[in-house]
Structures are given as structure tokens and as C-alpha cells.
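Beneath this line is the structure, given in C-alpha cells, with notes to follow.
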Amino acid sequence: IDKGEADGVEAGMGVACGMGVVGVTFQTSGHYSTVIPVLNVHSSRISCAIRNRGYFGVLRWDGKDAGIAYVEDIPRHARFKRGEWVETNGYSSIFPAGVLVGQIREVYNSRDGLSYRLKVRLTTDFGRLRDVVVISDKTISERMRLIQASRDSLKLNVKE
């Protein structure tokens, strides 16, 4: 994208368009950034949930259809229907809650049978993608420092 560090863009920021989630910034220079899109089988894992249901999982692409991705690890006790919407859940520091991801098309059992795997029709048309926005959350660094301090504290308590 044609925005970079001079514009406040940093690696690890969410990227969306008017239709929904696009990906995450990966590298930046002064005036440009690269984005790892949802359509990346190796690096893209976006935390999302079924709208108004609270059940969450991880969005992954299988490398086949650019309009389809899968939400993995939905609990077996979850209640929902085909046609319901999936959106970001705000549990990560990358996307706020409520950014549209797609619509549930099919429901499968996970490989181990302990959870559901949802086939989702993505709302973002990557073949026609032109303009995007980079999502900036100025509180990320504060939250990340607190999380790291908590982890460090837990490690010290375990060693004692």
C-alpha cells in the first residue's frame, strides 16, 4: 500500500476495506507498507466470532477459492445457523470487534471431532480490491507492555 511509517503505519496493524477484513501490515518503509492478506495459507490467522453469539475461532484460508475461508475451533456446544455473519471479535490488538469477515455457508466437524469448522463466504472481493484503511489503535503498546509484565511476573512466581 502507498502509506508507511511517515503516515503512522507500523507492522502488525489491521487492514480493512469497506466490505470487510483484508489482512495485516507486515513490513513498512517511509512511504509504503506490505500487507499479508487473509488469502495467505502460511501467515494469516485472524481471531473472529459469530455475530451476536460470542463463539469465537480463528480464520484461515486453504489456498483454493479466493472467496472462501474457514473459521476453525468453534466449540461443539455453540448454537448458530448457516447464513449468520462472522466478524472480528476484538480479542487481538490488530482488529477491533465488529469488522465484517463473511457469512457462514457450511458447517463441518473438525478433524479431531472436538469442534466445528465453518466455511465462510468472505465479504471482501480481493479481485476488485482498490482502497483500504489501516486500523490504528494507540493503546496497543500500553496493553502489550501490561501483558508482557504479567507474563514476566507469572514466570517469577513459578520459579520461586
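Simple scheme: letters A, B, ... for chains in C-alpha cells order, numbers from 1 for residues in each chain, numbers from 1 for ligands in the order shown.
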Produce a table with one row for each residue of range 39-157 of chain A that has an atom at most 12 Å from any atom of range 22-25 of chain A, each row naming the nearest atom pair and its distance in Å at one decimal; use only C-alpha atoms; arrange rows by chain and rising residue number; format as JSON lines.
{"residue": "A:Leu39", "atom": "CA", "partner": "A:Gly23", "partner_atom": "CA", "distance": 8.1}
{"residue": "A:Asn40", "atom": "CA", "partner": "A:Gly23", "partner_atom": "CA", "distance": 9.1}
{"residue": "A:Ser43", "atom": "CA", "partner": "A:Val24", "partner_atom": "CA", "distance": 9.7}
{"residue": "A:Ser44", "atom": "CA", "partner": "A:Gly23", "partner_atom": "CA", "distance": 7.4}
{"residue": "A:Arg45", "atom": "CA", "partner": "A:Gly23", "partner_atom": "CA", "distance": 9.2}
{"residue": "A:Ile46", "atom": "CA", "partner": "A:Gly23", "partner_atom": "CA", "distance": 8.3}
{"residue": "A:Ser47", "atom": "CA", "partner": "A:Gly23", "partner_atom": "CA", "distance": 11.6}
{"residue": "A:Leu59", "atom": "CA", "partner": "A:Gly23", "partner_atom": "CA", "distance": 11.0}
{"residue": "A:Arg60", "atom": "CA", "partner": "A:Gly23", "partner_atom": "CA", "distance": 11.3}
{"residue": "A:Trp61", "atom": "CA", "partner": "A:Gly23", "partner_atom": "CA", "distance": 11.7}
{"residue": "A:Ala66", "atom": "CA", "partner": "A:Val22", "partner_atom": "CA", "distance": 11.8}
{"residue": "A:Gly67", "atom": "CA", "partner": "A:Val22", "partner_atom": "CA", "distance": 11.9}
{"residue": "A:Thr88", "atom": "CA", "partner": "A:Val22", "partner_atom": "CA", "distance": 11.5}
{"residue": "A:Ser92", "atom": "CA", "partner": "A:Val24", "partner_atom": "CA", "distance": 11.9}
{"residue": "A:Ser93", "atom": "CA", "partner": "A:Val24", "partner_atom": "CA", "distance": 11.1}
{"residue": "A:Ile94", "atom": "CA", "partner": "A:Val24", "partner_atom": "CA", "distance": 7.6}
{"residue": "A:Phe95", "atom": "CA", "partner": "A:Val24", "partner_atom": "CA", "distance": 9.1}
{"residue": "A:Val99", "atom": "CA", "partner": "A:Val22", "partner_atom": "CA", "distance": 10.1}
{"residue": "A:Leu100", "atom": "CA", "partner": "A:Val22", "partner_atom": "CA", "distance": 10.0}
{"residue": "A:Val101", "atom": "CA", "partner": "A:Val22", "partner_atom": "CA", "distance": 8.8}
{"residue": "A:Gly102", "atom": "CA", "partner": "A:Val22", "partner_atom": "CA", "distance": 11.5}
{"residue": "A:Leu122", "atom": "CA", "partner": "A:Val22", "partner_atom": "CA", "distance": 9.9}
{"residue": "A:Thr123", "atom": "CA", "partner": "A:Val22", "partner_atom": "CA", "distance": 9.7}
{"residue": "A:Thr124", "atom": "CA", "partner": "A:Val22", "partner_atom": "CA", "distance": 6.9}
{"residue": "A:Asp125", "atom": "CA", "partner": "A:Val22", "partner_atom": "CA", "distance": 9.2}
{"residue": "A:Phe126", "atom": "CA", "partner": "A:Val22", "partner_atom": "CA", "distance": 8.0}
{"residue": "A:Gly127", "atom": "CA", "partner": "A:Val22", "partner_atom": "CA", "distance": 11.7}
{"residue": "A:Arg128", "atom": "CA", "partner": "A:Val22", "partner_atom": "CA", "distance": 11.9}
{"residue": "A:Leu129", "atom": "CA", "partner": "A:Val22", "partner_atom": "CA", "distance": 8.9}
{"residue": "A:Arg130", "atom": "CA", "partner": "A:Val22", "partner_atom": "CA", "distance": 10.9}
{"residue": "A:Asp131", "atom": "CA", "partner": "A:Val22", "partner_atom": "CA", "distance": 10.4}
{"residue": "A:Val132", "atom": "CA", "partner": "A:Val22", "partner_atom": "CA", "distance": 7.9}
{"residue": "A:Val133", "atom": "CA", "partner": "A:Val22", "partner_atom": "CA", "distance": 9.2}
{"residue": "A:Val134", "atom": "CA", "partner": "A:Thr25", "partner_atom": "CA", "distance": 8.1}
{"residue": "A:Ile135", "atom": "CA", "partner": "A:Val24", "partner_atom": "CA", "distance": 9.3}
{"residue": "A:Ser136", "atom": "CA", "partner": "A:Thr25", "partner_atom": "CA", "distance": 11.0}
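Of the residues in range 23-158 of chain A, those that DSSP places in alpha helix (DSSP H) on the basis of the backbone are Ile140, Ser141, Glu142, Arg143, Met144, Arg145, Leu146, Ile147, Gln148, Ala149, Ser150, Arg151, Asp152, Ser153, Leu154, Lys155, Leu156, Asn157 and Val158 of chain A.
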Go ahead and write the selection's residues with N, CA and C atoms as a short mmCIF file (atom, residue, chain, number, x, y, z; two decimals), in the first residue's frame.
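The resulting file, selection_32.cif, is reproduced below:
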data_model
loop_
_atom_site.label_atom_id
_atom_site.label_comp_id
_atom_site.auth_asym_id
_atom_site.auth_seq_id
_atom_site.Cartn_x
_atom_site.Cartn_y
_atom_site.Cartn_z
N ILE A 140 -2.41 0.05 21.88
CA ILE A 140 -1.81 -1.27 21.71
C ILE A 140 -0.52 -1.39 22.52
N SER A 141 0.37 -0.42 22.41
CA SER A 141 1.66 -0.55 23.09
C SER A 141 1.47 -0.62 24.60
N GLU A 142 0.53 0.16 25.15
CA GLU A 142 0.26 0.09 26.59
C GLU A 142 -0.25 -1.29 26.99
N ARG A 143 -1.19 -1.83 26.20
CA ARG A 143 -1.73 -3.16 26.50
C ARG A 143 -0.67 -4.24 26.39
N MET A 144 0.20 -4.13 25.36
CA MET A 144 1.24 -5.13 25.17
C MET A 144 2.26 -5.09 26.31
N ARG A 145 2.60 -3.89 26.80
CA ARG A 145 3.51 -3.78 27.95
C ARG A 145 2.90 -4.44 29.19
N LEU A 146 1.62 -4.22 29.41
CA LEU A 146 0.94 -4.82 30.56
C LEU A 146 0.90 -6.34 30.46
N ILE A 147 0.60 -6.85 29.28
CA ILE A 147 0.57 -8.30 29.07
C ILE A 147 1.95 -8.90 29.31
N GLN A 148 2.99 -8.24 28.79
CA GLN A 148 4.35 -8.75 28.98
C GLN A 148 4.75 -8.71 30.45
N ALA A 149 4.40 -7.63 31.16
CA ALA A 149 4.71 -7.53 32.59
C ALA A 149 4.00 -8.64 33.36
N SER A 150 2.77 -8.95 32.99
CA SER A 150 2.03 -10.04 33.65
C SER A 150 2.71 -11.37 33.39
N ARG A 151 3.13 -11.61 32.17
CA ARG A 151 3.83 -12.87 31.85
C ARG A 151 5.12 -12.98 32.64
N ASP A 152 5.88 -11.89 32.67
CA ASP A 152 7.14 -11.89 33.41
C ASP A 152 6.90 -12.17 34.88
N SER A 153 5.85 -11.57 35.45
CA SER A 153 5.52 -11.77 36.85
C SER A 153 5.14 -13.22 37.12
N LEU A 154 4.38 -13.80 36.23
CA LEU A 154 4.00 -15.21 36.38
C LEU A 154 5.21 -16.13 36.34
N LYS A 155 6.18 -15.83 35.46
CA LYS A 155 7.38 -16.65 35.37
C LYS A 155 8.17 -16.58 36.66
N LEU A 156 8.27 -15.38 37.25
CA LEU A 156 9.00 -15.23 38.50
C LEU A 156 8.31 -16.00 39.62
N ASN A 157 7.00 -15.96 39.67
CA ASN A 157 6.26 -16.66 40.73
C ASN A 157 6.37 -18.17 40.59
N VAL A 158 6.46 -18.66 39.38
CA VAL A 158 6.55 -20.10 39.16
C VAL A 158 7.91 -20.61 39.61
#
Task: In range 54-128 of chain A, DSSP strand (DSSP E or B) residues written as JSON, numbers by chain - done: {"A": [56, 57, 58, 59, 60, 68, 69, 70, 71, 72, 73, 74, 75, 85, 86, 87, 88, 100, 101, 102, 103, 104, 105, 106, 107, 108, 109, 115, 116, 117, 118, 119, 120, 121, 122]}
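CA of Glu10 in chain A lies 7.6 Å from CA of Gln27 in chain A.
Distance check against Asp62 in chain A using only C-alpha atoms: of A:Val86, A:Ile50, A:Ala78, A:Val38, the minimum falls on A:Val38.
Atom to atom, CA of Gly14 in chain A and CA of Phe56 in chain A stand 18.1 Å apart.
Here CA of Asn89 in chain A stands at a distance of 14.3 Å from CA of Ala16 in chain A.
Proximity ranking of A:Val71, A:Ser33, A:Val15, A:Arg53 relative to Lys3 in chain A places A:Ser33 first, based on only C-alpha atoms.
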- [ ] Would you list the contacts of Arg105 in chain A as a list of chain:residue names, taking every protein, DNA or RNA residue within 8 Å and counting only C-alpha atoms, but skipping same-chain residues closer than 4 positions in sequence?
- [x] A:Arg82, A:Gly83, A:Leu118, A:Lys119, A:Val120, A:Arg121
